[in-house]
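Source file: final-v3.cif (mmCIF, C-alpha atoms)
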```cif
data_model
#
loop_
_atom_site.label_atom_id
_atom_site.label_comp_id
_atom_site.auth_asym_id
_atom_site.auth_seq_id
_atom_site.Cartn_x
_atom_site.Cartn_y
_atom_site.Cartn_z
CA MET Z 1080 116.93 58.44 175.41
CA GLY Z 1081 118.19 55.63 177.64
CA LEU Z 1082 121.72 54.33 178.11
CA ALA Z 1083 121.51 51.92 175.17
CA GLU Z 1084 120.29 54.63 172.79
CA ARG Z 1085 122.93 57.08 174.01
CA ARG Z 1086 125.65 54.44 173.60
CA ARG Z 1087 124.59 53.61 170.06
CA ALA Z 1088 124.24 57.29 169.11
CA LEU Z 1089 127.88 57.83 170.12
CA GLY Z 1090 129.05 54.81 168.13
CA TYR Z 1091 129.92 52.40 170.98
CA SER Z 1092 129.12 48.70 171.03
CA GLN Z 1093 128.49 47.15 174.43
CA GLU Z 1094 131.92 45.53 174.24
CA GLU Z 1095 133.65 48.83 173.42
CA LEU Z 1096 131.96 50.71 176.25
CA ALA Z 1097 132.71 47.88 178.67
CA HIS Z 1098 136.38 47.82 177.60
CA ALA Z 1099 136.71 51.59 178.08
CA LEU Z 1100 135.36 51.21 181.61
CA GLY Z 1101 137.22 48.01 182.52
CA VAL Z 1102 134.04 45.98 183.13
CA ASP Z 1103 132.37 42.95 181.57
CA ARG Z 1104 129.99 43.40 178.63
CA ARG Z 1105 127.22 41.76 180.65
CA THR Z 1106 127.60 44.49 183.26
CA VAL Z 1107 126.80 47.12 180.63
CA GLY Z 1108 123.82 44.99 179.57
CA ARG Z 1109 122.52 44.98 183.15
CA TRP Z 1110 122.87 48.77 183.32
CA GLU Z 1111 120.94 49.13 180.09
CA GLY Z 1112 118.25 46.80 181.44
CA ARG Z 1113 118.18 48.93 184.60
CA THR Z 1114 118.60 45.90 186.85
CA THR Z 1115 121.78 47.39 188.34
CA MET Z 1116 123.44 50.81 188.43
CA PRO Z 1117 127.11 51.72 187.83
CA GLN Z 1118 129.19 51.79 190.98
CA PRO Z 1119 130.22 55.30 192.17
CA PRO Z 1120 133.90 54.97 191.11
CA LEU Z 1121 132.80 54.24 187.52
CA ARG Z 1122 130.29 57.07 187.18
CA PRO Z 1123 132.70 59.95 186.32
CA ARG Z 1124 134.36 57.95 183.53
CA LEU Z 1125 131.00 56.73 182.19
CA ALA Z 1126 129.67 60.29 182.17
CA GLU Z 1127 132.79 61.45 180.29
CA LEU Z 1128 132.40 58.72 177.64
CA LEU Z 1129 128.75 59.64 177.15
CA HIS Z 1130 129.45 63.42 177.05
CA LEU Z 1131 127.28 64.05 180.11
CA ASP Z 1132 127.71 65.57 183.53
CA LEU Z 1133 126.88 63.46 186.59
CA ASP Z 1134 123.37 64.86 187.07
CA GLU Z 1135 122.60 64.17 183.43
CA LEU Z 1136 123.95 60.62 183.83
CA ASP Z 1137 121.58 60.08 186.77
CA ALA Z 1138 118.66 61.33 184.69
CA LEU Z 1139 119.68 59.06 181.81
CA MET Z 1140 120.07 55.94 183.96
CA GLY Z 1141 116.87 56.41 185.95
CA GLN Z 1142 116.01 54.19 188.89
CA PRO Z 1143 116.99 50.49 188.68
CA GLN Z 1144 114.15 48.11 187.73
CA ALA Z 1145 114.57 46.14 190.95
CA ALA Z 1146 114.21 49.27 193.04
CA ARG Z 1147 111.06 50.27 191.15
CA THR Z 1148 109.39 46.91 191.63
CA GLU Z 1149 110.36 46.50 195.26
CA SER Z 1150 109.55 49.98 196.46
CA ALA Z 1151 106.07 51.32 197.07
CA GLY Z 1152 107.41 54.65 198.29
CA PRO Z 1153 107.28 58.02 196.57
CA PRO Z 1154 108.27 58.31 192.90
CA PRO Z 1155 111.95 58.81 192.10
CA ARG Z 1156 113.38 62.31 192.28
CA VAL Z 1157 113.01 64.37 189.14
CA HIS Z 1158 116.17 66.09 187.97
CA HIS Z 1159 115.73 69.66 186.84
CA GLY Z 1160 119.24 70.14 185.47
CA SER Z 1161 120.27 71.03 181.93
CA GLY Z 1162 119.75 67.45 180.75
CA ASP Z 1163 116.02 67.55 181.42
CA LEU Z 1164 115.76 70.96 179.83
CA ASP Z 1165 117.54 69.60 176.76
CA ASP Z 1166 114.96 66.81 176.59
CA MET Z 1167 112.16 69.34 176.79
CA ILE Z 1168 113.69 71.48 174.06
CA ARG Z 1169 114.26 68.43 171.86
CA ARG Z 1170 110.64 67.30 172.25
CA GLN Z 1171 109.47 70.80 171.36
CA PHE Z 1172 111.72 70.72 168.28
CA LEU Z 1173 110.31 67.42 167.08
CA ARG Z 1174 106.75 68.50 167.60
CA ALA Z 1175 107.25 71.92 166.00
CA ILE Z 1176 108.97 70.57 162.91
CA THR Z 1177 106.29 67.91 162.49
CA VAL Z 1178 103.56 70.53 162.59
CA THR Z 1179 105.33 73.02 160.34
CA SER Z 1180 106.12 70.35 157.75
CA ALA Z 1181 102.49 69.29 157.69
CA LEU Z 1182 101.30 72.86 157.31
CA VAL Z 1183 103.62 73.54 154.38
CA ALA Z 1184 102.24 70.46 152.62
CA LEU Z 1185 98.63 71.70 152.88
CA PRO Z 1186 97.13 73.57 149.92
CA PRO Z 1187 95.91 77.07 150.71
CA ASP Z 1188 92.18 77.52 151.22
CA GLU Z 1189 89.92 80.52 150.87
CA GLY Z 1190 91.04 83.47 152.89
CA ALA Z 1191 94.55 82.06 153.21
CA ALA Z 1192 96.19 85.15 151.70
CA LEU Z 1193 94.81 87.39 154.43
CA ALA Z 1194 95.72 84.88 157.14
CA GLU Z 1195 99.19 84.47 155.66
CA GLY Z 1196 99.79 88.21 155.99
CA ALA Z 1197 98.89 88.07 159.67
CA LEU Z 1198 101.09 85.00 160.13
CA ARG Z 1199 104.03 86.73 158.48
CA GLY Z 1200 103.66 89.53 161.01
CA MET Z 1201 103.84 86.97 163.80
CA SER Z 1202 106.84 85.37 162.11
CA ASP Z 1203 108.60 88.75 162.09
CA ASP Z 1204 107.91 88.99 165.84
CA PHE Z 1205 109.50 85.58 166.38
CA LEU Z 1206 112.51 86.53 164.27
CA ARG Z 1207 113.03 89.76 166.24
CA MET Z 1208 112.86 87.82 169.50
CA ASN Z 1209 115.26 85.23 168.13
CA GLY Z 1210 117.66 88.03 167.25
CA HIS Z 1211 117.55 89.26 170.84
CA LEU Z 1212 118.20 85.72 172.09
CA TRP Z 1213 121.29 85.41 169.87
CA GLN Z 1214 122.62 88.64 171.38
CA VAL Z 1215 121.98 87.38 174.91
CA TYR Z 1216 123.66 84.09 174.06
CA GLN Z 1217 126.74 85.81 172.66
CA LEU Z 1218 127.10 88.07 175.71
CA ALA Z 1219 126.31 85.47 178.39
CA ARG Z 1220 129.28 84.08 180.28
CA ALA Z 1221 127.30 81.01 181.35
CA LYS Z 1222 125.57 79.93 178.12
CA ARG Z 1223 123.16 77.55 179.82
CA SER Z 1224 121.44 80.51 181.47
CA VAL Z 1225 119.76 81.16 178.10
CA TYR Z 1226 117.96 77.78 178.12
CA PRO Z 1227 114.76 78.88 179.90
CA VAL Z 1228 114.11 81.70 177.45
CA VAL Z 1229 114.72 79.43 174.47
CA ARG Z 1230 112.23 76.97 175.96
CA ASP Z 1231 109.63 79.73 176.34
CA GLN Z 1232 110.17 80.87 172.76
CA LEU Z 1233 109.65 77.33 171.50
CA THR Z 1234 106.46 77.05 173.53
CA ALA Z 1235 105.16 80.27 172.00
CA LEU Z 1236 106.05 79.02 168.52
CA ASN Z 1237 104.13 75.80 169.11
CA GLU Z 1238 101.08 77.68 170.35
CA THR Z 1239 101.10 79.84 167.23
CA LEU Z 1240 101.28 76.79 165.01
CA ASP Z 1241 98.38 75.21 166.88
CA GLY Z 1242 96.30 78.34 166.50
CA ARG Z 1243 96.77 78.66 162.73
CA PRO Z 1244 96.57 75.14 161.26
CA GLU Z 1245 94.90 76.32 158.05
CA VAL Z 1246 97.62 78.55 156.60
CA GLU Z 1247 100.88 78.06 154.83
CA ALA Z 1248 103.66 78.33 157.38
CA GLN Z 1249 106.81 78.87 155.36
CA ALA Z 1250 107.78 82.02 157.25
CA LEU Z 1251 107.34 80.27 160.59
CA CYS Z 1252 109.62 77.48 159.36
CA GLY Z 1253 112.31 80.14 158.92
CA ALA Z 1254 111.79 81.34 162.48
CA ALA Z 1255 111.95 77.71 163.66
CA GLY Z 1256 115.17 77.03 161.73
CA ASP Z 1257 116.71 80.10 163.35
CA LEU Z 1258 115.72 78.99 166.85
CA PHE Z 1259 116.82 75.38 166.32
CA GLN Z 1260 120.33 76.60 165.47
CA LEU Z 1261 120.51 78.63 168.68
CA ALA Z 1262 119.48 75.65 170.79
CA GLY Z 1263 122.04 73.53 168.95
CA GLU Z 1264 124.70 76.07 169.91
CA LEU Z 1265 123.64 75.77 173.55
CA ALA Z 1266 123.94 71.99 173.42
CA PHE Z 1267 127.27 72.18 171.58
CA ASP Z 1268 128.73 74.55 174.17
CA GLY Z 1269 127.73 72.01 176.82
CA ASN Z 1270 129.62 69.25 174.94
CA ARG Z 1271 126.33 67.43 174.21
CA TYR Z 1272 127.18 66.70 170.61
CA THR Z 1273 124.40 64.20 169.95
CA ASP Z 1274 121.80 66.72 171.06
CA ALA Z 1275 123.51 69.46 169.04
CA ALA Z 1276 123.51 67.31 165.89
CA ALA Z 1277 119.80 66.60 166.32
CA SER Z 1278 119.09 70.32 166.69
CA TYR Z 1279 121.11 71.23 163.61
CA THR Z 1280 119.38 68.50 161.58
CA LEU Z 1281 116.01 69.96 162.51
CA ALA Z 1282 117.29 73.45 161.73
CA ALA Z 1283 118.35 72.32 158.25
CA SER Z 1284 114.98 70.66 157.66
CA ALA Z 1285 113.00 73.71 158.76
CA SER Z 1286 115.23 76.05 156.72
CA GLN Z 1287 114.79 73.88 153.64
CA GLU Z 1288 111.00 74.07 154.07
CA ALA Z 1289 111.32 77.85 154.34
CA LYS Z 1290 113.48 77.96 151.18
CA SER Z 1291 115.92 80.06 153.20
CA TYR Z 1292 119.16 78.93 151.59
CA ASP Z 1293 121.60 80.90 153.74
CA LEU Z 1294 119.89 79.73 156.93
CA TRP Z 1295 119.96 76.17 155.59
CA ALA Z 1296 123.66 76.36 154.69
CA CYS Z 1297 124.52 77.70 158.15
CA ALA Z 1298 122.68 74.80 159.78
CA LEU Z 1299 124.79 72.40 157.71
CA VAL Z 1300 127.99 74.22 158.70
CA ARG Z 1301 127.09 73.91 162.37
CA HIS Z 1302 126.33 70.22 161.88
CA ALA Z 1303 129.80 69.81 160.33
CA TYR Z 1304 131.32 71.25 163.51
CA VAL Z 1305 130.03 68.21 165.41
CA ASP Z 1306 132.05 65.96 163.09
CA LEU Z 1307 135.07 68.24 163.40
CA TYR Z 1308 135.08 68.04 167.18
CA GLU Z 1309 134.79 64.26 166.99
CA ARG Z 1310 137.67 64.35 164.44
CA ARG Z 1311 135.56 62.82 161.68
CA TYR Z 1312 137.13 65.10 159.11
CA ALA Z 1313 136.05 63.20 156.00
CA ASP Z 1314 132.42 63.28 157.17
CA ALA Z 1315 132.74 67.02 157.78
CA VAL Z 1316 134.07 67.55 154.23
CA GLY Z 1317 130.96 65.83 152.83
CA THR Z 1318 128.58 67.94 154.91
CA LEU Z 1319 130.42 71.13 154.02
CA SER Z 1320 130.31 70.25 150.33
CA ALA Z 1321 126.52 70.15 150.63
CA ALA Z 1322 126.58 73.46 152.53
CA GLU Z 1323 128.67 75.01 149.74
CA LYS Z 1324 126.12 74.00 147.11
CA VAL Z 1325 123.20 75.34 149.16
CA ALA Z 1326 125.03 78.60 149.86
CA ARG Z 1327 125.46 79.22 146.13
CA ARG Z 1328 121.69 79.56 145.89
CA GLY Z 1329 121.59 82.09 148.72
CA ASP Z 1330 122.15 85.82 148.95
CA GLY Z 1331 125.50 86.67 147.34
CA SER Z 1332 125.82 89.80 149.48
CA LEU Z 1333 125.97 87.68 152.66
CA SER Z 1334 129.08 85.98 154.04
CA THR Z 1335 127.57 82.47 154.11
CA ARG Z 1336 129.76 80.92 151.41
CA HIS Z 1337 132.88 82.47 152.95
CA TRP Z 1338 132.03 80.95 156.33
CA VAL Z 1339 131.60 77.59 154.62
CA ALA Z 1340 135.10 78.00 153.17
CA ALA Z 1341 136.59 78.89 156.57
CA VAL Z 1342 135.19 75.70 158.11
CA GLN Z 1343 136.26 73.66 155.09
CA ALA Z 1344 139.80 74.82 155.85
CA GLU Z 1345 139.56 73.17 159.28
CA ALA Z 1346 138.37 69.90 157.76
CA TYR Z 1347 141.17 69.91 155.17
CA ALA Z 1348 143.73 70.67 157.87
CA GLY Z 1349 142.45 67.69 159.84
CA LEU Z 1350 143.08 65.54 156.78
CA GLY Z 1351 146.61 66.98 156.46
CA ASP Z 1352 145.89 68.69 153.12
CA LEU Z 1353 147.81 72.00 153.34
CA PRO Z 1354 147.13 73.21 149.76
CA ALA Z 1355 143.37 72.64 150.05
CA CYS Z 1356 143.38 74.26 153.49
CA GLU Z 1357 145.10 77.40 152.22
CA ARG Z 1358 142.82 77.62 149.18
CA ALA Z 1359 139.81 77.50 151.48
CA LEU Z 1360 141.29 80.17 153.77
CA ASP Z 1361 141.97 82.41 150.79
CA GLU Z 1362 138.35 81.98 149.70
CA ALA Z 1363 137.17 82.83 153.20
CA GLU Z 1364 139.21 86.04 153.20
CA LYS Z 1365 137.26 87.30 150.19
CA VAL Z 1366 134.55 88.21 152.70
CA THR Z 1367 136.36 91.54 153.11
CA GLY Z 1368 135.35 92.44 149.54
CA LEU Z 1369 131.62 92.31 150.29
CA SER Z 1370 129.79 95.62 150.39
CA GLY Z 1371 127.30 96.40 153.14
CA PRO Z 1372 126.47 94.22 156.15
CA ALA Z 1373 127.60 90.69 155.38
CA HIS Z 1374 125.97 89.03 158.40
CA ASN Z 1375 122.97 89.40 160.68
CA GLY Z 1376 124.65 88.99 164.07
CA GLY Z 1377 122.51 85.94 164.83
CA TRP Z 1378 122.69 82.63 163.02
CA LEU Z 1379 125.20 84.21 160.61
CA ARG Z 1380 128.01 86.08 162.34
CA PHE Z 1381 131.00 85.48 160.06
CA ASP Z 1382 132.64 88.75 159.05
CA GLY Z 1383 136.29 87.76 158.63
CA SER Z 1384 137.38 89.32 161.92
CA ARG Z 1385 138.51 85.97 163.27
CA LEU Z 1386 140.47 84.81 160.24
CA ALA Z 1387 143.83 85.44 161.93
CA GLU Z 1388 142.98 83.01 164.72
CA GLU Z 1389 141.42 80.59 162.22
CA ARG Z 1390 144.57 80.59 160.11
CA GLY Z 1391 146.73 80.13 163.22
CA ALA Z 1392 144.63 77.20 164.40
CA ARG Z 1393 144.82 75.56 160.98
CA TYR Z 1394 148.62 75.90 160.84
CA LEU Z 1395 148.78 74.38 164.30
CA GLN Z 1396 146.72 71.41 163.10
CA LEU Z 1397 149.21 70.97 160.27
CA GLY Z 1398 152.26 71.22 162.56
CA ARG Z 1399 153.52 74.54 161.13
CA LEU Z 1400 154.31 76.03 164.53
CA ASP Z 1401 156.09 79.24 163.46
CA LEU Z 1402 153.28 80.21 161.09
CA ALA Z 1403 150.71 79.28 163.72
CA GLU Z 1404 152.30 81.33 166.49
CA LYS Z 1405 152.57 84.40 164.29
CA ALA Z 1406 148.91 84.30 163.30
CA LEU Z 1407 147.67 83.49 166.83
CA SER Z 1408 149.75 86.24 168.43
CA THR Z 1409 148.26 88.68 165.94
CA ALA Z 1410 144.78 87.48 166.86
CA LEU Z 1411 145.47 87.81 170.58
CA SER Z 1412 146.68 91.37 170.14
CA GLN Z 1413 143.40 92.29 168.48
CA ASP Z 1414 140.24 93.17 170.37
CA ILE Z 1415 139.21 89.56 171.10
CA PRO Z 1416 138.54 89.97 174.87
CA ALA Z 1417 136.61 93.22 174.51
CA SER Z 1418 133.11 91.78 174.90
CA GLY Z 1419 131.32 88.78 176.31
CA GLN Z 1420 130.72 87.22 172.91
CA SER Z 1421 134.50 86.75 172.52
CA PHE Z 1422 135.34 84.82 175.70
CA ARG Z 1423 135.12 81.52 173.84
CA ARG Z 1424 137.29 82.82 171.01
CA ARG Z 1425 139.92 84.10 173.43
CA GLY Z 1426 139.98 80.77 175.23
CA ALA Z 1427 140.58 78.93 171.96
CA VAL Z 1428 143.50 81.19 171.01
CA LEU Z 1429 145.08 80.86 174.44
CA ILE Z 1430 144.87 77.08 174.33
CA ASP Z 1431 146.37 76.94 170.84
CA LEU Z 1432 149.31 79.06 172.00
CA ALA Z 1433 149.73 76.79 175.04
CA SER Z 1434 149.75 73.79 172.68
CA ILE Z 1435 152.57 75.38 170.67
CA GLY Z 1436 154.52 75.80 173.91
CA ALA Z 1437 153.93 72.15 174.80
CA ARG Z 1438 155.20 70.95 171.44
CA ARG Z 1439 158.31 73.10 171.91
CA GLN Z 1440 158.77 71.76 175.44
CA ASP Z 1441 158.37 75.31 176.81
CA SER Z 1442 156.77 74.95 180.25
CA ASP Z 1443 156.55 78.70 180.84
CA GLN Z 1444 154.52 79.24 177.66
CA VAL Z 1445 152.20 76.38 178.59
CA LEU Z 1446 151.62 77.79 182.07
CA ALA Z 1447 151.08 81.37 180.91
CA TYR Z 1448 148.51 80.63 178.23
CA GLY Z 1449 147.04 77.41 179.62
CA GLY Z 1450 146.57 78.94 183.07
CA GLU Z 1451 144.68 81.91 181.68
CA ALA Z 1452 142.49 79.63 179.55
CA LEU Z 1453 141.70 77.52 182.62
CA ARG Z 1454 140.62 80.60 184.58
CA LEU Z 1455 138.46 81.65 181.65
CA ALA Z 1456 136.80 78.22 181.49
CA ARG Z 1457 136.00 78.36 185.19
CA THR Z 1458 134.56 81.86 184.90
CA THR Z 1459 132.36 81.18 181.87
CA SER Z 1460 131.50 77.48 182.45
CA SER Z 1461 132.11 77.03 178.73
CA GLY Z 1462 132.09 73.39 177.67
CA TYR Z 1463 133.78 74.43 174.44
CA VAL Z 1464 136.83 75.87 176.23
CA ALA Z 1465 136.89 72.94 178.66
CA HIS Z 1466 136.89 70.51 175.73
CA LYS Z 1467 139.86 72.23 174.11
CA LEU Z 1468 141.68 72.21 177.46
CA GLN Z 1469 141.10 68.48 177.71
CA ARG Z 1470 142.74 68.04 174.30
CA LEU Z 1471 145.66 70.21 175.44
CA ARG Z 1472 146.44 67.54 178.04
CA THR Z 1473 147.45 65.14 175.27
CA ASP Z 1474 150.24 67.56 174.27
CA LEU Z 1475 151.68 67.96 177.77
CA GLY Z 1476 153.40 64.56 177.88
CA PRO Z 1477 156.92 64.75 179.35
CA LEU Z 1478 156.32 68.32 180.54
CA THR Z 1479 154.30 66.93 183.45
CA ARG Z 1480 157.65 66.16 185.10
CA ASP Z 1481 157.55 69.88 185.89
CA ALA Z 1482 155.45 70.11 189.06
CA ARG Z 1483 153.77 73.30 187.83
CA VAL Z 1484 152.64 71.67 184.60
CA ALA Z 1485 151.51 68.57 186.50
CA GLU Z 1486 149.37 70.80 188.72
CA LEU Z 1487 147.85 72.51 185.66
CA ASP Z 1488 147.14 69.09 184.14
CA ALA Z 1489 145.39 67.95 187.33
CA GLU Z 1490 143.29 71.14 187.47
CA ILE Z 1491 142.17 70.68 183.86
CA ASP Z 1492 141.27 67.07 184.60
CA ALA Z 1493 139.23 68.15 187.62
CA LEU Z 1494 137.45 70.82 185.55
CA CYS Z 1495 136.52 68.37 182.83
CA THR Z 1496 135.22 65.59 185.14
CA THR Z 1497 133.04 67.70 187.45
#
```
Represent the structure contained in this file as structure tokens.
Amino acid sequence: MGLAERRRALGYSQEELAHALGVDRRTVGRWEGRTTMPQPPLRPRLAELLHLDLDELDALMGQPQAARTESAGPPPRVHHGSGDLDDMIRRQFLRAITVTSALVALPPDEGAALAEGALRGMSDDFLRMNGHLWQVYQLARAKRSVYPVVRDQLTALNETLDGRPEVEAQALCGAAGDLFQLAGELAFDGNRYTDAAASYTLAASASQEAKSYDLWACALVRHAYVDLYERRYADAVGTLSAAEKVARRGDGSLSTRHWVAAVQAEAYAGLGDLPACERALDEAEKVTGLSGPAHNGGWLRFDGSRLAEERGARYLQLGRLDLAEKALSTALSQDIPASGQSFRRRGAVLIDLASIGARRQDSDQVLAYGGEALRLARTTSSGYVAHKLQRLRTDLGPLTRDARVAELDAEIDALCTT
């Protein structure tokens, strides 16, 4: 993906991107043609607009055409940062889903039943490994550290598909749909929403091929999160409506449909629809009536334990500050920081409480909760927490006259642009 493709994927015209950067449209055209490169002062803002870090921007831009034609020296430096790894994972996704889709379309031949049994055993191995990877992901402070193992798992999956082209591969599609969702989570946590959406789309496709309705519905829910974080609430409602229909065909003992409802509440809150939001939250809370394990701890982790913070966040969206603070304080008093998988959740609650303080013009509350969230973002390198901190800045407004709040604002800005 070059600059032009990235720009279009994020919905910018050349004129819009140029306006956001304070340059002429023809300048953007020259960058896309790789005849010139952005000047250093423009690079941080350009990277922010494209949801990239600076190394990823360098990898995206490549070497200018003039430099390539004039230089006979060594080839340009190859970047080995997370951007290149994302490209590798994405190429593996595309190849794997192409192969699995073709295999599913093939009629079985003689001996296929025996081969299918062996393949299902291999699929179970992949699913067990995927389950371990989800646990590592949840416990890891720095999520990107999981990338290399995900890459290796995808490579192994591809090799298995190559080695068994004659058998029906429905079970392997399920393993692929599982793994695609994990890689989408990794991209999402790094604020690479275009890459995350591509991963979730592939996850949904693979899950559909596998006729795994709960896995399919969860892929659609995660795709809806991309729209939610870009504040495209109406689009999210449409995706979640599809997820709701798919979930109805799934396992009624699982929490899938209740998770769909919890995320629908966020979309309705974004649209300002309090009654619909509360109806969805009430539906989500019915998860407590399920008997037995309602989730698998991997691609489905919803168990209702975070509904207090979800309800608080929704009330905050709707401007009901007293209701929001009560629910969020309850959530914070629970066991949210007890394990690594909850660092992101704790950060979200802290930022929401800081936002309530900002709207009440309470500098001390902003500093207490916002400062702790900032330290958490630095410790975990979570793009998710950093993104929410960046949104907190829009609430600070007049409070930045307080030197302490202004310093916090500057530190958040520095975190989000480096």
Apply the PyMOL selection byres ((chain Z and resi 1366) around 7) to the file shown and report the selected residues as a PDB file with C-alpha atoms, keeping the file's coordinate frame.
```pdb
ATOM      1  CA  SER Z1334     129.080  85.980 154.040  1.00  0.00           C
ATOM      2  CA  HIS Z1337     132.880  82.470 152.950  1.00  0.00           C
ATOM      3  CA  ALA Z1363     137.170  82.830 153.200  1.00  0.00           C
ATOM      4  CA  GLU Z1364     139.210  86.040 153.200  1.00  0.00           C
ATOM      5  CA  LYS Z1365     137.260  87.300 150.190  1.00  0.00           C
ATOM      6  CA  THR Z1367     136.360  91.540 153.110  1.00  0.00           C
ATOM      7  CA  GLY Z1368     135.350  92.440 149.540  1.00  0.00           C
ATOM      8  CA  LEU Z1369     131.620  92.310 150.290  1.00  0.00           C
ATOM      9  CA  ASP Z1382     132.640  88.750 159.050  1.00  0.00           C
ATOM     10  CA  GLY Z1383     136.290  87.760 158.630  1.00  0.00           C
TER      11      GLY Z1383
END
```
Which value, in Å to one decimal, gives the distance between CA of Gly1256 in chain Z and CA of Arg1301 in chain Z?
-> 12.3 Å
Take CA of Asp1314 in chain Z and CA of Leu1360 in chain Z and report the distance between them in Å, one decimal.
-> 19.4 Å
Might you spell out which residues the PyMOL selection byres ((chain Z and resi 1372) around 9) would select in the displayed file, as a list of chain:residue names?
->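 Selected by the PyMOL selection byres ((chain Z and resi 1372) around 9) here: Z:Ser1332, Z:Leu1333, Z:Ser1334, Z:Leu1369, Z:Ser1370, Z:Gly1371, Z:Ala1373, Z:His1374, Z:Asn1375, Z:Asp1382.
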Matched chain/residue IDs from the PyMOL selection byres ((chain Z and resi 1421-1424) around 12), as a ChimeraX atom specification = /Z:1216-1222,1268,1384-1389,1392,1407,1410-1411,1413-1420,1425-1431,1451-1468
Export range 1203-1208 of chain Z of the preceding structure, keeping all heavy atoms, as a CSV table (one decimal), in the first residue's frame.
```
chain,number,residue,atom,x,y,z
Z,1203,ASP,N,-7.2,-29.0,15.2
Z,1203,ASP,CA,-7.3,-28.9,16.6
Z,1203,ASP,C,-6.0,-28.4,17.2
Z,1203,ASP,O,-6.0,-27.6,18.2
Z,1203,ASP,CB,-7.6,-30.3,17.2
Z,1203,ASP,CG,-9.1,-30.7,16.9
Z,1203,ASP,OD1,-9.9,-29.8,16.6
Z,1203,ASP,OD2,-9.4,-31.9,17.1
Z,1204,ASP,N,-4.9,-28.8,16.6
Z,1204,ASP,CA,-3.5,-28.3,17.0
Z,1204,ASP,C,-3.4,-26.8,16.8
Z,1204,ASP,O,-2.9,-26.1,17.7
Z,1204,ASP,CB,-2.4,-29.1,16.3
Z,1204,ASP,CG,-2.3,-30.5,16.7
Z,1204,ASP,OD1,-2.8,-30.9,17.8
Z,1204,ASP,OD2,-1.7,-31.3,15.9
Z,1205,PHE,N,-3.9,-26.4,15.7
Z,1205,PHE,CA,-3.8,-24.9,15.4
Z,1205,PHE,C,-4.7,-24.2,16.4
Z,1205,PHE,O,-4.3,-23.1,16.9
Z,1205,PHE,CB,-4.3,-24.6,14.0
Z,1205,PHE,CG,-3.3,-24.8,12.9
Z,1205,PHE,CD1,-3.4,-25.8,12.0
Z,1205,PHE,CD2,-2.1,-24.0,12.9
Z,1205,PHE,CE1,-2.4,-26.1,11.0
Z,1205,PHE,CE2,-1.1,-24.2,11.9
Z,1205,PHE,CZ,-1.3,-25.2,11.0
Z,1206,LEU,N,-5.9,-24.7,16.7
Z,1206,LEU,CA,-6.8,-24.0,17.6
Z,1206,LEU,C,-6.2,-24.0,19.0
Z,1206,LEU,O,-6.4,-22.9,19.7
Z,1206,LEU,CB,-8.2,-24.7,17.6
Z,1206,LEU,CG,-9.0,-24.6,16.3
Z,1206,LEU,CD1,-10.2,-25.5,16.3
Z,1206,LEU,CD2,-9.4,-23.1,16.1
Z,1207,ARG,N,-5.6,-25.0,19.4
Z,1207,ARG,CA,-4.9,-25.0,20.8
Z,1207,ARG,C,-3.8,-23.9,20.8
Z,1207,ARG,O,-3.7,-23.2,21.8
Z,1207,ARG,CB,-4.4,-26.4,21.1
Z,1207,ARG,CG,-5.4,-27.4,21.6
Z,1207,ARG,CD,-4.8,-28.6,22.2
Z,1207,ARG,NE,-4.1,-29.4,21.3
Z,1207,ARG,CZ,-4.7,-30.4,20.6
Z,1207,ARG,NH1,-6.0,-30.6,20.7
Z,1207,ARG,NH2,-4.0,-31.1,19.7
Z,1208,MET,N,-3.0,-23.9,19.7
Z,1208,MET,CA,-2.0,-22.9,19.7
Z,1208,MET,C,-2.6,-21.5,19.6
Z,1208,MET,O,-2.1,-20.6,20.3
Z,1208,MET,CB,-1.1,-23.1,18.4
Z,1208,MET,CG,0.0,-22.1,18.3
Z,1208,MET,SD,1.2,-22.2,19.7
Z,1208,MET,CE,2.4,-20.9,19.2
```
